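The file run.txt comes next; it holds compact mmCIF, C-alpha atoms and all ligand atoms.
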# COMPACT_ATOMS: atom_id res chain seq x y z
CA MET A 24 -3.04 4.67 -3.08
CA ILE A 25 -4.78 1.52 -1.84
CA GLN A 26 -5.33 0.34 1.70
CA ILE A 27 -3.71 -3.03 2.44
CA ASN A 28 -5.96 -5.91 3.49
CA LYS A 29 -9.15 -3.85 3.56
CA ASP A 30 -11.27 -6.98 3.21
CA GLY A 31 -9.34 -8.75 5.97
CA ARG A 32 -8.36 -11.78 3.87
CA ALA A 33 -4.95 -11.96 5.56
CA ASN A 34 -5.09 -13.03 9.16
CA LEU A 35 -3.23 -10.15 10.80
CA ALA A 36 -3.69 -11.53 14.31
CA SER A 37 -1.83 -14.68 13.33
CA LEU A 38 0.88 -12.75 11.45
CA THR A 39 1.58 -10.50 14.41
CA GLN A 40 1.95 -13.47 16.75
CA LYS A 41 4.43 -15.16 14.39
CA HIS A 42 6.33 -11.92 14.08
CA LEU A 43 6.55 -11.37 17.83
CA ARG A 44 7.72 -14.94 18.36
CA TYR A 45 10.42 -14.42 15.72
CA TYR A 46 11.61 -11.25 17.48
CA LYS A 47 11.66 -12.89 20.88
CA ASP A 48 13.60 -15.91 19.63
CA THR A 49 16.08 -13.88 17.59
CA PHE A 50 16.87 -10.56 19.24
CA PHE A 51 15.19 -10.38 22.62
CA PRO A 52 17.88 -12.16 24.70
CA GLU A 53 20.43 -9.56 23.62
CA LEU A 54 18.06 -6.68 24.37
CA GLU A 55 17.42 -8.17 27.79
CA ASP A 56 21.12 -8.51 28.44
CA LEU A 57 21.89 -4.91 27.39
CA SER A 58 19.00 -3.53 29.42
CA LYS A 59 20.76 -4.94 32.49
CA ASN A 60 24.44 -4.65 31.63
CA GLU A 61 24.96 -1.71 29.23
CA PRO A 62 27.68 0.38 30.92
CA ASP A 63 26.41 3.76 29.66
CA LEU A 64 23.50 4.39 32.05
CA PRO A 65 21.34 6.71 29.87
CA VAL A 66 21.70 4.25 26.97
CA ARG A 67 20.82 1.40 29.33
CA ALA A 68 17.66 3.35 30.18
CA LEU A 69 16.76 3.45 26.48
CA TYR A 70 17.22 -0.34 26.22
CA ARG A 71 15.09 -0.79 29.32
CA TYR A 72 12.35 1.34 27.81
CA LEU A 73 12.44 -0.70 24.58
CA ARG A 74 12.48 -3.97 26.48
CA ALA A 75 9.49 -2.94 28.60
CA ASN A 76 7.56 -1.92 25.47
CA ILE A 77 8.84 -4.58 23.10
CA ASP A 78 5.41 -5.88 22.05
CA LYS A 79 4.38 -2.38 21.01
CA VAL A 80 7.67 -1.75 19.20
CA VAL A 81 7.53 -5.02 17.26
CA ILE A 82 3.85 -5.52 16.50
CA GLY A 83 2.21 -2.19 17.44
CA GLU A 84 -0.04 -0.63 14.79
CA PRO A 85 1.17 2.54 13.02
CA SER A 86 -0.39 4.91 15.58
CA VAL A 87 1.36 3.00 18.39
CA LEU A 88 4.68 3.27 16.54
CA ASN A 89 4.04 6.97 16.17
CA ASP A 90 3.57 7.33 19.95
CA ILE A 91 6.80 5.42 20.55
CA ILE A 92 8.67 7.74 18.19
CA LEU A 93 7.36 10.80 20.03
CA TYR A 94 8.30 9.35 23.41
CA VAL A 95 11.77 8.24 22.36
CA GLU A 96 12.47 11.57 20.65
CA GLN A 97 11.48 13.41 23.80
CA TYR A 98 13.39 11.31 26.35
CA TYR A 99 16.08 9.37 24.47
CA GLY A 100 16.98 11.45 21.41
CA ARG A 101 20.68 11.57 22.28
CA GLU A 102 20.82 7.93 23.37
CA VAL A 103 19.35 6.69 20.07
CA LYS A 104 22.22 8.39 18.26
CA LEU A 105 24.78 6.85 20.62
CA ALA A 106 23.26 3.38 20.33
CA LYS A 107 22.45 3.58 16.62
CA GLU A 108 24.80 0.85 15.44
CA THR A 109 23.71 -1.60 18.14
CA LEU A 110 20.04 -0.90 17.46
CA LYS A 111 20.46 -1.29 13.73
CA LYS A 112 22.87 -4.21 13.57
CA LYS A 113 22.05 -6.24 16.66
CA LEU A 114 18.69 -5.55 18.26
CA PHE A 115 16.47 -4.69 15.27
CA LYS A 116 18.49 -6.00 12.35
CA TYR A 117 16.27 -5.83 9.28
CA GLU A 118 18.79 -7.78 7.17
CA ASN A 119 18.19 -10.79 9.38
CA PHE A 120 14.45 -10.68 8.67
CA ARG A 121 15.00 -9.83 4.99
CA ASP A 122 17.19 -12.86 4.35
CA ARG A 123 15.10 -15.52 6.07
CA LYS A 124 13.38 -17.77 3.54
CA PRO A 125 11.21 -20.83 3.80
CA SER A 126 13.06 -24.06 3.01
CA LYS A 127 12.24 -27.74 2.54
CA ASN A 128 12.88 -28.40 6.20
CA ASP A 129 11.02 -25.32 7.34
CA PRO A 130 8.42 -24.48 4.67
CA GLU A 131 6.82 -21.68 6.68
CA LYS A 132 9.98 -20.19 8.14
CA TRP A 133 9.08 -16.68 9.25
CA GLY A 134 10.85 -13.91 7.38
CA ALA A 135 10.26 -11.38 4.62
CA TYR A 136 9.07 -14.02 2.11
CA GLN A 137 6.60 -15.65 4.43
CA LEU A 138 5.25 -12.28 5.59
CA VAL A 139 4.44 -11.00 2.09
CA LYS A 140 3.07 -14.38 1.07
CA GLU A 141 0.65 -14.44 3.99
CA LEU A 142 -0.27 -10.77 3.54
CA LYS A 143 -1.55 -11.63 0.04
CA VAL A 144 -0.83 -8.17 -1.34
CA GLN A 145 -0.92 -8.55 -5.12
CA VAL A 146 -0.13 -4.98 -6.17
CA CYS A 147 1.87 -2.10 -4.77
CA PRO A 148 -0.41 -0.10 -2.43
CA TYR A 149 1.44 3.17 -3.07
CA CYS A 150 0.96 3.24 -6.86
CA ASN A 151 -1.51 0.43 -7.70
CA ARG A 152 0.42 0.08 -10.97
CA MET A 153 2.90 -2.73 -10.32
CA TYR A 154 2.23 -6.33 -9.39
CA THR A 155 4.10 -7.50 -6.32
CA SER A 156 3.75 -11.26 -6.59
CA THR A 157 5.88 -13.58 -4.51
CA ILE A 158 7.56 -16.69 -5.86
CA LEU A 159 10.39 -18.68 -4.41
CA THR A 160 11.96 -21.50 -6.40
CA GLU A 161 15.37 -23.17 -6.51
CA SER A 162 16.33 -21.28 -9.65
CA GLY A 163 14.77 -17.88 -9.03
CA LYS A 164 12.79 -15.81 -6.60
CA THR A 165 10.96 -12.50 -6.36
CA ARG A 166 8.89 -10.70 -3.77
CA PRO A 167 7.74 -7.12 -3.14
CA ALA A 168 10.19 -4.71 -1.56
CA LEU A 169 9.47 -3.93 2.08
CA ASP A 170 9.40 -0.19 2.56
CA HIS A 171 10.24 1.17 6.00
CA PHE A 172 7.42 3.71 6.27
CA PHE A 173 9.24 5.37 9.19
CA ASP A 174 12.80 5.81 7.98
CA ARG A 175 15.13 3.17 9.42
CA ALA A 176 18.19 5.44 9.58
CA THR A 177 16.31 7.90 11.82
CA TYR A 178 14.33 5.34 13.84
CA PRO A 179 16.64 2.29 14.00
CA TYR A 180 14.50 0.72 16.75
CA LEU A 181 11.68 0.33 14.17
CA GLY A 182 13.84 -1.73 11.78
CA VAL A 183 11.79 -4.93 12.11
CA SER A 184 8.44 -3.54 13.31
CA LEU A 185 5.70 -5.37 11.42
CA TYR A 186 3.61 -2.27 10.64
CA ASN A 187 6.69 -0.42 9.52
CA LEU A 188 7.23 -2.91 6.68
CA VAL A 189 5.04 -1.93 3.74
CA PRO A 190 5.08 -4.33 0.76
CA SER A 191 5.60 -2.16 -2.29
CA CYS A 192 7.18 -2.08 -5.73
CA ASN A 193 10.82 -1.16 -6.27
CA THR A 194 9.90 1.99 -8.17
CA CYS A 195 7.91 3.39 -5.24
CA ASN A 196 10.27 2.13 -2.55
CA SER A 197 13.68 2.87 -4.04
CA SER A 198 13.37 5.16 -7.05
CA LEU A 199 10.72 7.54 -5.71
CA LYS A 200 10.40 7.44 -1.91
CA GLY A 201 14.05 6.74 -1.19
CA LYS A 202 14.96 8.52 2.03
CA THR A 203 11.98 10.92 2.08
CA MET A 204 10.77 11.26 5.67
CA PHE A 205 7.27 9.88 6.12
CA LYS A 206 5.20 10.34 9.27
CA LEU A 207 1.56 9.74 10.06
CA ASP A 208 0.76 13.46 9.90
CA THR A 209 2.57 13.98 6.58
CA HIS A 210 1.71 10.91 4.48
CA LEU A 211 -0.91 8.15 4.22
CA HIS A 212 0.09 4.81 5.73
CA PRO A 213 -1.21 1.94 3.56
CA TYR A 214 -2.04 -0.25 6.56
CA MET A 215 -4.39 2.48 7.79
CA GLU A 216 -5.98 4.17 4.81
CA GLY A 217 -6.08 4.64 1.08
CA PHE A 218 -7.69 7.30 -1.08
CA GLY A 219 -11.02 5.44 -0.90
CA ASP A 220 -13.97 7.52 -2.07
CA LYS A 221 -12.33 10.72 -0.89
CA ILE A 222 -9.95 11.05 -3.81
CA LYS A 223 -10.81 9.67 -7.23
CA PHE A 224 -9.31 9.64 -10.66
CA THR A 225 -11.10 11.86 -13.14
CA ILE A 226 -10.85 12.71 -16.83
CA LYS A 227 -10.17 16.36 -17.51
CA LEU A 228 -10.89 17.55 -21.06
CA TYR A 229 -8.53 20.21 -22.38
CA SER A 230 -11.48 22.27 -23.57
CA GLY A 231 -15.20 21.75 -23.72
CA ASN A 232 -15.91 22.56 -27.38
CA GLN A 233 -17.88 20.19 -29.58
CA LYS A 234 -14.93 18.89 -31.60
CA ASN A 235 -12.88 18.09 -28.52
CA ALA A 236 -15.85 16.32 -26.95
CA MET A 237 -16.15 14.08 -30.03
CA ASP A 238 -12.42 13.34 -30.03
CA PHE A 239 -12.71 12.45 -26.38
CA ILE A 240 -15.50 9.98 -27.14
CA LEU A 241 -13.19 8.44 -29.73
CA GLY A 242 -10.66 8.05 -26.95
CA LYS A 243 -8.02 10.37 -28.38
CA PRO A 244 -5.52 10.66 -25.56
CA GLU A 245 -4.18 14.10 -26.51
CA LYS A 246 -7.61 15.58 -25.75
CA TYR A 247 -7.66 14.87 -22.03
CA ASN A 248 -5.60 14.46 -18.89
CA ILE A 249 -6.00 12.08 -15.99
CA LYS A 250 -6.27 13.98 -12.71
CA PHE A 251 -7.41 13.51 -9.13
CA LYS A 252 -10.67 14.95 -7.82
CA VAL A 253 -11.61 15.44 -4.17
CA SER A 254 -15.04 14.45 -2.87
CA GLU A 255 -17.28 17.05 -1.21
CA GLU A 256 -16.88 15.30 2.12
CA ALA A 257 -13.08 15.23 1.92
CA ARG A 258 -12.85 18.92 1.05
CA GLN A 259 -13.28 19.81 4.73
CA ASN A 260 -10.68 17.29 5.81
CA LYS A 261 -7.58 19.38 5.26
CA ALA A 262 -5.27 17.07 7.22
CA PHE A 263 -6.26 14.07 5.08
CA LEU A 264 -5.83 16.02 1.85
CA LYS A 265 -2.40 17.22 2.86
CA ARG A 266 -1.26 13.65 3.56
CA ALA A 267 -2.90 12.22 0.45
CA PHE A 268 -1.45 14.80 -1.93
CA ASN A 269 1.97 14.41 -0.35
CA ASN A 270 1.72 10.76 -1.40
CA VAL A 271 0.62 11.82 -4.90
CA LYS A 272 3.68 14.07 -5.10
CA VAL A 273 6.29 11.64 -3.77
CA PHE A 274 5.10 8.73 -5.89
CA LYS A 275 4.62 10.94 -8.98
CA LEU A 276 1.13 9.56 -9.44
CA THR A 277 -0.21 12.39 -11.62
CA GLU A 278 2.70 12.09 -14.02
CA LEU A 279 2.81 8.29 -14.06
CA TYR A 280 -0.90 7.89 -14.69
CA GLN A 281 -0.71 9.98 -17.86
CA THR A 282 1.15 6.97 -19.29
CA HIS A 283 -2.03 4.89 -18.90
CA LYS A 284 -4.21 6.92 -21.24
CA ASP A 285 -4.42 4.03 -23.73
CA TYR A 286 -6.06 2.03 -20.99
CA VAL A 287 -8.46 4.88 -20.14
CA SER A 288 -9.34 5.27 -23.82
CA ASP A 289 -10.53 1.65 -23.75
CA ILE A 290 -12.70 2.38 -20.70
CA ILE A 291 -14.24 5.36 -22.53
CA LYS A 292 -15.23 3.11 -25.44
CA LYS A 293 -16.47 0.32 -23.21
CA SER A 294 -18.64 2.79 -21.28
CA ILE A 295 -20.30 3.81 -24.53
CA ILE A 296 -20.83 0.27 -25.81
CA TYR A 297 -21.83 -1.39 -22.55
CA ASN A 298 -24.75 0.74 -21.41
CA GLU A 299 -27.55 -0.46 -19.17
CA ASP A 300 -29.50 -2.13 -22.00
CA ARG A 301 -26.47 -4.10 -23.20
CA ILE A 302 -25.70 -5.29 -19.68
CA ASN A 303 -29.32 -6.40 -19.22
CA GLU A 304 -29.13 -8.33 -22.51
CA LEU A 305 -25.96 -10.12 -21.40
CA TYR A 306 -27.49 -10.85 -18.03
CA ASP A 307 -30.61 -12.38 -19.60
CA LEU A 308 -28.45 -14.54 -21.87
CA TYR A 309 -25.90 -15.76 -19.34
CA GLN A 310 -27.31 -15.46 -15.85
CA GLY A 311 -26.79 -18.62 -13.88
CA THR A 312 -24.12 -19.84 -16.32
CA LEU A 313 -21.35 -17.28 -16.90
CA PHE A 314 -22.49 -14.66 -14.43
CA SER A 315 -24.37 -14.62 -11.17
CA SER A 316 -24.85 -10.84 -11.03
CA LYS A 317 -24.76 -7.70 -13.17
CA GLU A 318 -21.78 -6.55 -11.14
CA GLU A 319 -19.86 -9.58 -12.41
CA ILE A 320 -20.66 -8.57 -15.98
CA LYS A 321 -19.34 -5.07 -15.36
CA GLN A 322 -16.19 -6.51 -13.80
CA MET A 323 -15.66 -8.73 -16.84
CA ILE A 324 -16.13 -5.75 -19.19
CA ALA A 325 -13.79 -3.56 -17.17
CA THR A 326 -11.34 -6.51 -16.94
CA ASN A 327 -10.67 -5.39 -13.42
CA TYR A 328 -12.11 -5.36 -9.93
CA LEU A 329 -14.60 -2.61 -9.23
CA GLU A 330 -15.23 -3.10 -5.51
CA GLU A 331 -13.24 -1.07 -2.97
CA ASN A 332 -12.29 -4.18 -0.98
CA ASP A 333 -10.77 -5.88 -4.03
CA LEU A 334 -8.59 -3.02 -5.24
CA ASP A 335 -5.36 -4.53 -3.93
CA LYS A 336 -5.80 -7.60 -6.12
CA ARG A 337 -5.05 -6.12 -9.53
CA ALA A 338 -2.99 -3.31 -11.08
CA LEU A 339 -4.83 -0.12 -12.15
CA SER A 340 -7.96 -1.24 -10.32
CA LYS A 341 -8.64 2.14 -8.72
CA LEU A 342 -8.21 3.94 -12.03
CA THR A 343 -10.64 1.48 -13.62
CA LYS A 344 -13.20 1.75 -10.81
CA ASP A 345 -13.17 5.54 -10.67
CA ILE A 346 -13.25 6.17 -14.42
CA SER A 347 -15.87 3.46 -15.08
CA GLU A 348 -18.09 5.06 -12.46
CA GLU A 349 -17.46 8.55 -13.76
CA LEU A 350 -18.38 7.52 -17.30
CA GLY A 351 -21.34 5.47 -16.15
CA LEU A 352 -20.38 1.98 -17.34
CA GLY A 353 -23.61 -0.01 -17.28
CA THR A 354 -25.90 3.01 -16.86
CA PRO A 355 -28.41 4.41 -19.39
CA SER A 356 -26.73 5.40 -22.64
CA PHE A 357 -25.54 8.99 -23.05
CA LEU A 358 -25.22 8.75 -26.81
ZN ZN A 401 4.49 1.19 -6.47
Spell out the structure here as structure tokens.
Amino acid sequence: MIQINKDGRANLASLTQKHLRYYKDTFFPELEDLSKNEPDLPVRALYRYLRANIDKVVIGEPSVLNDIILYVEQYYGREVKLAKETLKKKLFKYENFRDRKPSKNDPEKWGAYQLVKELKVQVCPYCNRMYTSTILTESGKTRPALDHFFDRATYPYLGVSLYNLVPSCNTCNSSLKGKTMFKLDTHLHPYMEGFGDKIKFTIKLYSGNQKNAMDFILGKPEKYNIKFKVSEEARQNKAFLKRAFNNVKVFKLTELYQTHKDYVSDIIKKSIIYNEDRINELYDLYQGTLFSSKEEIKQMIATNYLEENDLDKRALSKLTKDISEELGLGTPSFL
């Protein structure tokens, strides 16, 4: 689980302004009309509430959306059910946003494609296994799915809210999460947080005897499992752990990562070969030409990013970072 845009390379301030303008041009006139003319007075009151808070509804951060949910549930629970179809199909129609694509005449036309392109999310934040690249050509197109973190059927007024649209892979969005109810106190929201240093991948040997240890060094995958370990600091944070492990469960991360043992076996071997002395040798040979730092050498050896801020650029980056650190890639030799 990786936090989106941790290094701030996407300009969220600009994205939110484009998104709000899109909402105001597309749906707002109808919301305004209904907030004045809806014949059912309690439902009209709901529309008036949404109209008065439209900036928060459309571009509010996840915690703001959470507050709106609590308020609407308390005061307009019945009205949301009555107005469901109008909310879903007229005022906050996700399909409208989903189907808008840039074109020759309007190369930056705001819609699902432009949003994910500008967000620059390269891999699914939920699993960090699948690439979520965006291409749009005359003969074919692909982009990440946009997961409604807060379920759209239950909260139809959050159908086009920017921070309720999480770019993700189809496996996580459709096959695994499906209609599971997510809230901020039950699951991690990728715009807010990832596992970070609190939860890391670890290698768990089946048993610690000498033969198994040697087989492990040889990278034999049947001798170990890939698990998650919790940092000392996070152990006290029960609320975080509950949310994080709910994500692990829904997205089947423990099970899915066992399928990447071949990859981990390579990291085990690399950690043995590329100890501190070997890295120093490479640095002496190539500094100023191929590499400008020892960190770059380690990144090249790991064939992945190893910095927290870069984890959303490549698949399996968190697995690589955590296991390389655990095994001491680039540290004094243990053999
Ligand atoms: Zn995924």
From A:Ala257, A:Val144, A:Leu110, A:Met153, residue lying nearest ligand ZN 401 (chain A) [all atoms listed in the file]: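 Under the stated criterion, the closest residue is A:Met153.
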Selection near segment 180-183 of chain A, 9 Å with all atoms listed in the file, sequence-local residues under 6 positions removed, as a PyMOL selection string: chain A and resi 46+73+80-81+88+92+103+107+110-111+114-117+120+171+173-174
Nearest residue to ligand ZN 401 (chain A) out of A:Leu339, A:Leu241, A:Ile324, A:Leu188, using all atoms listed in the file?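 Closest residue, counting all atoms listed in the file: A:Leu339.
Atom to atom, atom CA of Pro125 of chain A and atom CA of Asp333 of chain A stand 27.7 Å apart.
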Using all atoms listed in the file, find the one residue out of A:Lys243, A:Arg152, A:Lys200, A:Arg166 that sits nearest to ligand ZN 401 (chain A).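 When distances to ligand ZN 401 (chain A) are compared using all atoms listed in the file, the smallest one comes from A:Arg152.
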Dump the neighbourhood of ligand ZN 401 (chain A) as a VMD selection string: all residues within 8 Å, distances computed on all atoms listed in the file. chain A and resid 146 to 153 191 to 196 274
Please fill the gaps in segment 39-53 of chain A so it has N, CA and C atoms, and write that as a compact mmCIF listing (two decimals), in the coordinates of the input.
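The resulting file, part17.txt, is shown below:
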# COMPACT_ATOMS: atom_id res chain seq x y z
N THR A 39 0.90 -11.25 13.35
CA THR A 39 1.58 -10.50 14.41
C THR A 39 2.15 -11.45 15.46
N GLN A 40 1.43 -12.53 15.75
CA GLN A 40 1.95 -13.47 16.75
C GLN A 40 3.22 -14.17 16.25
N LYS A 41 3.22 -14.53 14.96
CA LYS A 41 4.43 -15.16 14.39
C LYS A 41 5.60 -14.18 14.43
N HIS A 42 5.28 -12.92 14.14
CA HIS A 42 6.33 -11.92 14.08
C HIS A 42 6.93 -11.67 15.47
N LEU A 43 6.07 -11.61 16.45
CA LEU A 43 6.55 -11.37 17.83
C LEU A 43 7.40 -12.54 18.31
N ARG A 44 6.95 -13.75 17.96
CA ARG A 44 7.72 -14.94 18.36
C ARG A 44 9.10 -14.90 17.71
N TYR A 45 9.13 -14.54 16.43
CA TYR A 45 10.42 -14.42 15.72
C TYR A 45 11.32 -13.42 16.45
N TYR A 46 10.77 -12.26 16.80
CA TYR A 46 11.61 -11.25 17.48
C TYR A 46 12.14 -11.80 18.80
N LYS A 47 11.26 -12.43 19.54
CA LYS A 47 11.66 -12.89 20.88
C LYS A 47 12.73 -13.99 20.79
N ASP A 48 12.61 -14.84 19.79
CA ASP A 48 13.60 -15.91 19.63
C ASP A 48 14.93 -15.37 19.11
N THR A 49 14.88 -14.31 18.31
CA THR A 49 16.08 -13.88 17.59
C THR A 49 16.85 -12.79 18.31
N PHE A 50 16.17 -11.75 18.73
CA PHE A 50 16.87 -10.56 19.24
C PHE A 50 16.66 -10.29 20.73
N PHE A 51 15.57 -10.80 21.27
CA PHE A 51 15.19 -10.38 22.62
C PHE A 51 16.24 -10.70 23.69
N PRO A 52 16.88 -11.88 23.65
CA PRO A 52 17.88 -12.16 24.70
C PRO A 52 18.96 -11.08 24.78
N GLU A 53 19.39 -10.60 23.62
CA GLU A 53 20.43 -9.56 23.62
C GLU A 53 19.90 -8.23 24.18
